[in-house]
$ cat target27.csv   # CSV, C-alpha atoms
chain,number,residue,atom,x,y,z
S,1,MET,CA,-68.1,-13.7,9.9
S,2,GLY,CA,-71.0,-13.8,12.5
S,3,PRO,CA,-71.2,-11.5,15.5
S,4,GLY,CA,-69.9,-14.2,17.8
S,5,ARG,CA,-66.8,-14.9,15.7
S,6,GLN,CA,-66.1,-11.2,15.3
S,7,TRP,CA,-66.2,-10.8,19.0
S,8,VAL,CA,-63.7,-13.6,19.5
S,9,ALA,CA,-61.5,-12.2,16.8
S,10,ASP,CA,-61.6,-8.7,18.4
S,11,LEU,CA,-60.7,-10.3,21.8
S,12,TRP,CA,-57.9,-12.4,20.3
S,13,ARG,CA,-56.3,-9.6,18.2
S,14,PRO,CA,-54.6,-7.7,21.1
S,15,LEU,CA,-53.3,-11.0,22.5
S,16,THR,CA,-52.0,-12.0,19.1
S,17,ASP,CA,-50.3,-8.6,18.5
S,18,ALA,CA,-48.7,-8.8,21.9
S,19,VAL,CA,-47.3,-12.3,21.2
S,20,MET,CA,-46.0,-11.2,17.8
S,21,GLU,CA,-44.4,-8.1,19.3
S,22,ARG,CA,-42.8,-10.3,22.0
S,23,MET,CA,-41.5,-12.7,19.4
S,24,GLU,CA,-40.0,-9.9,17.4
S,25,GLU,CA,-38.3,-8.6,20.6
S,26,LEU,CA,-36.9,-12.1,21.2
S,27,ASP,CA,-35.7,-12.3,17.7
S,28,ARG,CA,-34.0,-8.9,18.0
S,29,ASP,CA,-32.4,-10.0,21.3
S,30,ILE,CA,-31.1,-13.2,19.7
S,31,LEU,CA,-29.7,-11.3,16.7
S,32,LEU,CA,-28.0,-8.7,18.8
S,33,ALA,CA,-26.5,-11.4,21.1
S,34,GLY,CA,-25.1,-13.1,18.0
S,35,LEU,CA,-23.7,-9.9,16.5
S,36,ASN,CA,-22.1,-8.9,19.9
S,37,ALA,CA,-20.4,-12.4,20.1
S,38,VAL,CA,-18.8,-12.5,16.7
S,39,ALA,CA,-15.1,-11.8,16.4
S,40,ASP,CA,-15.4,-9.7,13.2
S,41,ALA,CA,-16.5,-6.1,13.4
S,42,VAL,CA,-20.1,-5.5,12.2
S,43,LEU,CA,-21.8,-2.3,11.5
S,44,VAL,CA,-25.3,-1.6,10.1
S,45,THR,CA,-26.1,1.5,8.1
S,46,ASP,CA,-29.0,3.1,6.3
S,47,THR,CA,-29.0,2.9,2.5
S,48,ARG,CA,-28.3,6.6,1.7
S,49,LEU,CA,-25.7,6.8,-1.1
S,50,ASP,CA,-25.8,10.4,-2.0
S,51,GLY,CA,-24.4,13.4,-0.1
S,52,ALA,CA,-22.5,12.2,3.0
S,53,GLY,CA,-23.3,8.6,2.2
S,54,PRO,CA,-24.7,5.9,4.6
S,55,THR,CA,-25.2,6.7,8.2
S,56,ILE,CA,-24.1,4.2,10.9
S,57,LEU,CA,-27.0,2.9,12.9
S,58,TYR,CA,-25.3,0.1,14.9
S,59,THR,CA,-21.8,-1.2,15.7
S,60,ASN,CA,-20.9,-4.3,17.7
S,61,PRO,CA,-18.2,-4.6,20.4
S,62,ALA,CA,-15.6,-6.0,17.9
S,63,PHE,CA,-15.9,-2.8,15.9
S,64,GLU,CA,-14.9,-0.8,18.9
S,65,ARG,CA,-11.9,-3.1,19.5
S,66,LEU,CA,-10.8,-2.8,15.9
S,67,THR,CA,-11.2,0.9,15.3
S,68,GLY,CA,-11.2,2.4,18.9
S,69,TYR,CA,-14.6,4.0,18.2
S,70,PRO,CA,-17.2,3.5,20.9
S,71,PRO,CA,-20.8,3.3,19.6
S,72,GLU,CA,-21.7,6.7,21.0
S,73,ASN,CA,-19.0,8.3,18.8
S,74,VAL,CA,-20.0,6.8,15.5
S,75,VAL,CA,-23.7,5.9,15.6
S,76,ASN,CA,-25.7,8.5,13.6
S,77,THR,CA,-22.5,9.7,11.8
S,78,PRO,CA,-21.6,8.9,8.2
S,79,VAL,CA,-19.4,5.9,7.4
S,80,ARG,CA,-17.0,8.3,5.8
S,81,VAL,CA,-15.7,9.2,9.2
S,82,LEU,CA,-13.6,6.0,8.9
S,83,MET,CA,-12.0,7.2,5.6
S,84,GLY,CA,-9.1,9.5,5.0
S,85,GLY,CA,-6.2,10.5,2.7
S,86,GLY,CA,-5.1,7.0,2.0
S,87,THR,CA,-8.5,5.7,1.0
S,88,ASP,CA,-8.7,4.8,-2.7
S,89,ALA,CA,-11.4,7.0,-4.3
S,90,ALA,CA,-11.8,4.5,-7.2
S,91,VAL,CA,-12.5,1.7,-4.7
S,92,MET,CA,-15.1,3.8,-3.0
S,93,ALA,CA,-16.7,4.7,-6.3
S,94,ASP,CA,-16.9,1.0,-7.1
S,95,CYS,CA,-18.5,0.3,-3.7
S,96,ARG,CA,-21.1,2.9,-4.3
S,97,ALA,CA,-21.9,1.6,-7.7
S,98,GLU,CA,-22.3,-2.0,-6.5
S,99,LEU,CA,-24.5,-1.1,-3.6
S,100,ALA,CA,-26.7,1.2,-5.8
S,101,ALA,CA,-27.2,-1.8,-8.1
S,102,GLY,CA,-28.4,-3.9,-5.2
S,103,ARG,CA,-25.2,-6.1,-5.3
S,104,ALA,CA,-22.9,-7.1,-2.4
S,105,PHE,CA,-19.4,-5.4,-2.3
S,106,ARG,CA,-16.2,-6.9,-1.1
S,107,ASP,CA,-12.7,-5.3,-1.3
S,108,GLU,CA,-9.9,-4.0,0.9
S,109,ILE,CA,-10.1,-0.3,1.9
S,110,ILE,CA,-7.6,1.8,3.8
S,111,SER,CA,-9.6,3.1,6.7
S,112,TYR,CA,-8.7,5.0,9.8
S,113,GLY,CA,-9.2,4.3,13.5
S,114,HIS,CA,-10.2,6.7,16.3
S,115,ASP,CA,-6.5,7.5,16.8
S,116,GLY,CA,-6.1,8.5,13.1
S,117,GLN,CA,-3.8,5.5,12.3
S,118,PRO,CA,-4.5,3.8,8.9
S,119,LEU,CA,-5.9,0.3,8.9
S,120,ARG,CA,-6.0,-2.1,5.9
S,121,LEU,CA,-9.5,-3.5,6.3
S,122,GLU,CA,-11.5,-6.0,4.2
S,123,TRP,CA,-15.1,-4.8,3.9
S,124,HIS,CA,-17.9,-7.2,3.0
S,125,ILE,CA,-21.1,-5.1,2.6
S,126,GLN,CA,-24.5,-6.8,2.0
S,127,PRO,CA,-27.8,-5.0,1.1
S,128,PHE,CA,-30.6,-6.2,3.4
S,129,PRO,CA,-33.1,-7.7,2.6
S,130,ALA,CA,-31.4,-9.2,-0.4
S,131,ALA,CA,-34.7,-10.2,-2.1
S,132,ALA,CA,-36.5,-6.8,-1.8
S,133,VAL,CA,-35.7,-3.1,-1.9
S,134,PRO,CA,-32.8,-2.8,0.7
S,135,THR,CA,-33.5,-0.8,3.8
S,136,ARG,CA,-30.1,-1.4,5.4
S,137,PHE,CA,-26.5,-2.2,4.6
S,138,ILE,CA,-24.8,-4.8,6.8
S,139,ALA,CA,-21.0,-4.6,6.7
S,140,VAL,CA,-18.6,-7.2,8.1
S,141,VAL,CA,-15.1,-5.7,8.5
S,142,ARG,CA,-11.9,-7.7,9.1
S,143,ASP,CA,-8.4,-6.4,9.7
S,144,VAL,CA,-6.0,-7.8,7.1
S,145,SER,CA,-3.0,-5.4,7.9
S,146,GLU,CA,-0.8,-8.2,9.5
S,147,LEU,CA,-1.6,-10.6,6.7
S,148,ARG,CA,-0.7,-8.1,4.0
S,149,ALA,CA,2.4,-7.1,5.9
S,150,LEU,CA,3.5,-10.7,6.1
S,151,GLU,CA,2.9,-11.1,2.4
S,152,GLU,CA,4.9,-8.0,1.7
S,153,ARG,CA,7.8,-9.2,3.8
S,154,GLN,CA,7.8,-12.5,2.0
S,155,ALA,CA,7.7,-10.7,-1.4
S,156,ARG,CA,10.7,-8.5,-0.3
S,157,LEU,CA,12.7,-11.5,0.7
S,158,GLU,CA,12.0,-13.2,-2.6
S,159,ALA,CA,12.9,-10.0,-4.4
S,160,LEU,CA,16.2,-9.8,-2.5
S,161,THR,CA,17.0,-13.5,-3.3
S,162,ARG,CA,16.3,-12.8,-7.0
S,163,MET,CA,18.6,-9.8,-7.0
S,164,GLN,CA,21.4,-11.7,-5.3
S,165,SER,CA,21.0,-14.6,-7.7
S,166,ARG,CA,21.0,-12.3,-10.8
S,167,VAL,CA,24.1,-10.5,-9.6
S,168,ALA,CA,25.9,-13.7,-8.6
S,169,THR,CA,25.6,-15.1,-12.2
S,170,ALA,CA,27.0,-11.9,-13.8
S,171,GLY,CA,30.6,-12.8,-13.0
S,172,TYR,CA,33.3,-10.2,-13.2
S,173,ASP,CA,32.2,-8.4,-16.3
S,174,LEU,CA,31.7,-4.9,-14.9
S,175,ASP,CA,29.2,-3.7,-17.6
S,176,GLU,CA,27.2,-6.9,-17.3
S,177,LEU,CA,27.2,-6.7,-13.5
S,178,ARG,CA,25.9,-3.1,-13.6
S,179,SER,CA,23.1,-4.1,-16.0
S,180,SER,CA,22.2,-7.0,-13.7
S,181,VAL,CA,22.0,-4.7,-10.7
S,182,VAL,CA,19.7,-2.1,-12.4
S,183,GLU,CA,17.4,-4.8,-13.9
S,184,ALA,CA,17.1,-6.6,-10.6
S,185,ALA,CA,16.4,-3.4,-8.7
S,186,ARG,CA,13.7,-2.3,-11.2
S,187,GLU,CA,12.1,-5.8,-11.0
S,188,ALA,CA,12.2,-5.9,-7.2
S,189,THR,CA,10.5,-2.5,-6.7
S,190,GLY,CA,8.2,-2.3,-9.7
S,191,ALA,CA,10.0,0.9,-10.8
S,192,ASP,CA,9.6,2.4,-14.3
S,193,GLY,CA,13.4,3.0,-14.5
S,194,ALA,CA,16.6,2.1,-12.6
S,195,VAL,CA,20.1,3.4,-12.9
S,196,VAL,CA,23.6,3.0,-11.4
S,197,GLU,CA,25.3,6.4,-11.0
S,198,GLU,CA,29.0,6.7,-10.5
S,199,PRO,CA,31.1,9.8,-9.9
S,200,VAL,CA,33.4,10.9,-12.7
S,201,GLY,CA,35.1,14.1,-11.7
S,202,GLU,CA,32.5,16.6,-10.6
S,203,ARG,CA,29.6,14.7,-12.3
S,204,MET,CA,27.4,11.7,-11.6
S,205,VAL,CA,27.2,9.5,-14.7
S,206,TYR,CA,24.5,7.0,-15.5
S,207,THR,CA,26.8,4.0,-16.1
S,208,ALA,CA,23.9,1.5,-16.4
S,209,ALA,CA,20.2,2.0,-17.0
S,210,SER,CA,17.1,-0.2,-17.2
S,211,GLY,CA,13.4,0.3,-18.2
S,212,THR,CA,12.4,3.9,-19.1
S,213,ALA,CA,15.9,5.0,-18.0
S,214,GLU,CA,17.6,3.2,-20.9
S,215,ALA,CA,17.3,6.3,-23.1
S,216,SER,CA,19.3,8.2,-20.4
S,217,ALA,CA,22.3,5.9,-20.3
S,218,GLY,CA,25.4,8.0,-20.2
S,219,LEU,CA,23.7,11.0,-18.8
S,220,ARG,CA,26.1,13.3,-16.8
S,221,LEU,CA,24.7,15.6,-14.1
S,222,PRO,CA,26.5,17.9,-11.7
S,223,LEU,CA,27.4,16.1,-8.6
S,224,SER,CA,26.7,19.1,-6.4
S,225,GLU,CA,23.3,19.8,-7.9
S,226,THR,CA,21.6,16.4,-7.7
S,227,LEU,CA,20.1,14.3,-5.0
S,228,SER,CA,22.1,11.4,-6.2
S,229,GLY,CA,25.3,13.4,-5.6
S,230,TRP,CA,24.1,14.3,-2.1
S,231,CYS,CA,23.5,10.6,-1.3
S,232,TYR,CA,26.9,9.7,-2.7
S,233,ALA,CA,28.8,12.4,-0.8
S,234,ASN,CA,27.0,11.8,2.5
S,235,ASN,CA,26.7,8.0,2.1
S,236,GLU,CA,22.9,8.2,3.0
S,237,SER,CA,19.8,7.0,1.4
S,238,ALA,CA,17.1,9.4,0.1
S,239,VAL,CA,13.4,9.0,-0.7
S,240,CYS,CA,11.7,11.5,-2.9
S,241,THR,CA,7.9,11.1,-2.9
S,242,ASP,CA,7.3,14.0,-5.4
S,243,ILE,CA,9.9,16.1,-7.0
S,244,ARG,CA,7.4,19.0,-7.3
S,245,GLN,CA,7.2,19.2,-3.5
S,246,ASP,CA,10.9,18.4,-2.7
S,247,ASP,CA,13.2,21.4,-2.1
S,248,ARG,CA,16.3,19.1,-2.5
S,249,ILE,CA,15.6,18.7,-6.3
S,250,ALA,CA,17.4,21.4,-8.2
S,251,LEU,CA,17.2,20.0,-11.7
S,252,GLN,CA,13.4,19.5,-11.8
S,253,ASP,CA,13.1,20.0,-15.6
S,254,THR,CA,15.7,17.2,-16.2
S,255,CYS,CA,13.9,14.9,-13.8
S,256,GLU,CA,10.6,15.5,-15.5
S,257,ARG,CA,12.2,14.9,-18.9
S,258,ILE,CA,13.6,11.5,-17.9
S,259,GLY,CA,10.4,10.4,-16.1
S,260,PHE,CA,11.6,10.9,-12.5
S,261,ARG,CA,8.6,12.1,-10.4
S,262,SER,CA,9.3,10.0,-7.4
S,263,GLY,CA,12.2,7.7,-6.5
S,264,ILE,CA,14.6,6.0,-4.1
S,265,ILE,CA,18.4,6.4,-4.0
S,266,VAL,CA,20.7,4.2,-2.0
S,267,PRO,CA,24.5,4.4,-1.8
S,268,LEU,CA,26.5,1.4,-3.0
S,269,THR,CA,29.0,1.2,-0.2
S,270,HIS,CA,31.4,-1.6,0.5
S,271,GLY,CA,33.8,-1.2,3.5
S,272,THR,CA,35.0,2.4,3.5
S,273,ARG,CA,34.4,3.0,-0.2
S,274,THR,CA,31.2,4.3,-1.8
S,275,PHE,CA,31.2,2.9,-5.3
S,276,GLY,CA,28.2,5.0,-6.5
S,277,VAL,CA,24.4,5.0,-6.0
S,278,LEU,CA,21.5,2.9,-7.1
S,279,LYS,CA,18.4,4.8,-8.1
S,280,VAL,CA,14.9,3.6,-9.0
S,281,TYR,CA,12.2,6.0,-10.1
S,282,SER,CA,8.7,6.3,-11.4
S,283,ALA,CA,6.7,8.8,-13.4
S,284,CYS,CA,4.1,8.8,-10.7
S,285,PRO,CA,4.3,10.5,-7.3
S,286,HIS,CA,4.3,8.4,-4.1
S,287,ALA,CA,5.2,5.3,-6.2
S,288,PHE,CA,7.3,3.5,-3.6
S,289,SER,CA,6.9,2.1,-0.1
S,290,ASP,CA,9.1,1.8,3.0
S,291,GLY,CA,9.4,-1.9,1.9
S,292,ASP,CA,11.0,-0.9,-1.4
S,293,LEU,CA,13.5,1.2,0.5
S,294,GLN,CA,14.3,-1.7,2.8
S,295,VAL,CA,14.8,-4.1,-0.1
S,296,LEU,CA,17.3,-1.7,-1.7
S,297,ARG,CA,19.1,-1.1,1.6
S,298,TRP,CA,19.4,-4.8,2.2
S,299,ALA,CA,20.7,-5.5,-1.3
S,300,SER,CA,23.0,-2.5,-1.6
S,301,GLY,CA,25.8,-4.0,0.5
S,302,VAL,CA,25.9,-7.2,-1.6
S,303,LEU,CA,25.6,-5.3,-4.8
S,304,ALA,CA,28.4,-2.9,-3.9
S,305,ALA,CA,30.7,-5.8,-2.9
S,306,SER,CA,30.0,-7.5,-6.3
S,307,LEU,CA,30.7,-4.2,-8.1
S,308,GLU,CA,33.8,-3.6,-6.1
S,309,ASP,CA,35.1,-7.1,-7.0
S,310,ALA,CA,34.3,-6.6,-10.7
S,311,TRP,CA,35.9,-3.2,-10.6
S,312,HIS,CA,39.2,-4.6,-9.2
S,313,HIS,CA,39.1,-7.5,-11.6
S,314,GLU,CA,38.7,-5.1,-14.5
S,315,HIS,CA,41.5,-2.9,-13.3
S,316,GLU,CA,43.8,-5.8,-12.8
S,317,ARG,CA,43.0,-7.1,-16.3
S,318,GLN,CA,43.9,-3.6,-17.7
S,319,ARG,CA,47.1,-3.5,-15.7
S,320,ARG,CA,48.3,-6.8,-17.0
S,321,GLN,CA,47.5,-5.8,-20.6
S,322,LEU,CA,49.6,-2.7,-20.1
S,323,LEU,CA,52.5,-4.8,-18.7
S,324,VAL,CA,52.3,-7.1,-21.7

$ encode --input "target27.csv" --output "structure tokens"
Amino acid sequence: MGPGRQWVADLWRPLTDAVMERMEELDRDILLAGLNAVADAVLVTDTRLDGAGPTILYTNPAFERLTGYPPENVVNTPVRVLMGGGTDAAVMADCRAELAAGRAFRDEIISYGHDGQPLRLEWHIQPFPAAAVPTRFIAVVRDVSELRALEERQARLEALTRMQSRVATAGYDLDELRSSVVEAAREATGADGAVVEEPVGERMVYTAASGTAEASAGLRLPLSETLSGWCYANNESAVCTDIRQDDRIALQDTCERIGFRSGIIVPLTHGTRTFGVLKVYSACPHAFSDGDLQVLRWASGVLAASLEDAWHHEHERQRRQLLV
């Protein structure tokens, strides 16, 4: 390049750099305007995956509306500020592995808002740039709490319908009806085991059992020392999230032996009579939701009425046999 051309190039370079810088500013302004306008929450982080994990560098207004966190409260803090006790560690480990491999991640994560309330959020995290070594993670976050709640309500109604249908086809055979009740309850709640317990003297007796509880059919436990006995005597439901942390559980060894780590117990009451209790349980702690309790409460009245009818039918049959 001759001296003349070099002089022109030297003169042009500052102007070119200024134009490019201005274009980059315009691009940034357009990008920010777009992010600020979208309805989904967006946050941008660095790519640190060790230690405290990625640090938040930017959040859009939708993120504040969703979580309650203004930008000044979360920018320059780790993303884990949004996680808590209900966050699935396995999902987080999977997220970390996918991002470390340069792949996008998409899944639902229980996260927490500024007020500490849990949110079921769908996270879609994309490494940027995708075609080179990522320098940023861009996350688009959507609240799916209402959608999942609607699905759960629909599932509960379907489970209730199946329970009622199963019981209705059992007729007046008392043993068959009991078996239908426990099988329907176990299916509706996803429990490991389910039983109907009825009082016989001073004991609660497993008169029907399903799933892992089948081996315990006929088990007799002191009415005054069991949570089932308390529910029967007080006509109240009970939820045990973990027997190892529940002072109401007196026979803990027995519970462990039959596979009861957590469970739900509802009284089977029709009119003024409590027929017994329906119990579902799992070998895992915290296995049941409020929705499971609601399903059993909804169904207990119908189940108790059917059991009462079958009980009267059986006693009338026996009375007639004695008369003959």

$ residues_around --input "target27.csv" --residues "range 134-149 of chain S" --least-positions-apart "6" --cutoff "7 Å" --atoms "only C-alpha atoms" --output "CSV table (one decimal) with C-alpha atoms, in the frame of the given file"
chain,number,residue,atom,x,y,z
S,40,ASP,CA,-15.4,-9.7,13.2
S,41,ALA,CA,-16.5,-6.1,13.4
S,42,VAL,CA,-20.1,-5.5,12.2
S,43,LEU,CA,-21.8,-2.3,11.5
S,44,VAL,CA,-25.3,-1.6,10.1
S,45,THR,CA,-26.1,1.5,8.1
S,46,ASP,CA,-29.0,3.1,6.3
S,47,THR,CA,-29.0,2.9,2.5
S,119,LEU,CA,-5.9,0.3,8.9
S,120,ARG,CA,-6.0,-2.1,5.9
S,121,LEU,CA,-9.5,-3.5,6.3
S,122,GLU,CA,-11.5,-6.0,4.2
S,123,TRP,CA,-15.1,-4.8,3.9
S,124,HIS,CA,-17.9,-7.2,3.0
S,125,ILE,CA,-21.1,-5.1,2.6
S,126,GLN,CA,-24.5,-6.8,2.0
S,127,PRO,CA,-27.8,-5.0,1.1
S,128,PHE,CA,-30.6,-6.2,3.4

$ atom_distance --input "target27.csv" --atom1 "CA of Ala191 in chain S" --atom2 "CA of Leu227 in chain S"
17.8 Å

$ residues_around --input "target27.csv" --residues "Arg273 in chain S" --least-positions-apart "2" --cutoff "10 Å" --atoms "only C-alpha atoms" --output "PyMOL selection string"
chain S and resi 235+268-271+275-276+304-305+308

$ atom_distance --input "target27.csv" --atom1 "CA of Thr189 in chain S" --atom2 "CA of Asp246 in chain S"
21.3 Å

$ atom_distance --input "target27.csv" --atom1 "CA of Asp290 in chain S" --atom2 "CA of Arg186 in chain S"
15.5 Å

$ residues_near_point --input "target27.csv" --point "(6.9, 1.6, -14.5)" --cutoff "12 Å" --atoms "all atoms listed in the file" --output "PyMOL selection string"
chain S and resi 186-194+210-213+259-263+280-285+287-288

$ closest_residue --input "target27.csv" --among "S:Thr67, S:Ser224, S:Ser300, S:Thr272" --to "Ile249 in chain S" --atoms "all atoms listed in the file"
S:Ser224

$ residues_around --input "target27.csv" --residues "Ala93 in chain S" --least-positions-apart "3" --cutoff "12 Å" --atoms "all atoms listed in the file" --output "list in words"
Leu49, Asp50, Gly53, Thr87, Asp88, Ala89, Ala90, Arg96, Ala97, Glu98, Leu99, Ala100, Phe105, Asp107 and Ile109 of chain S
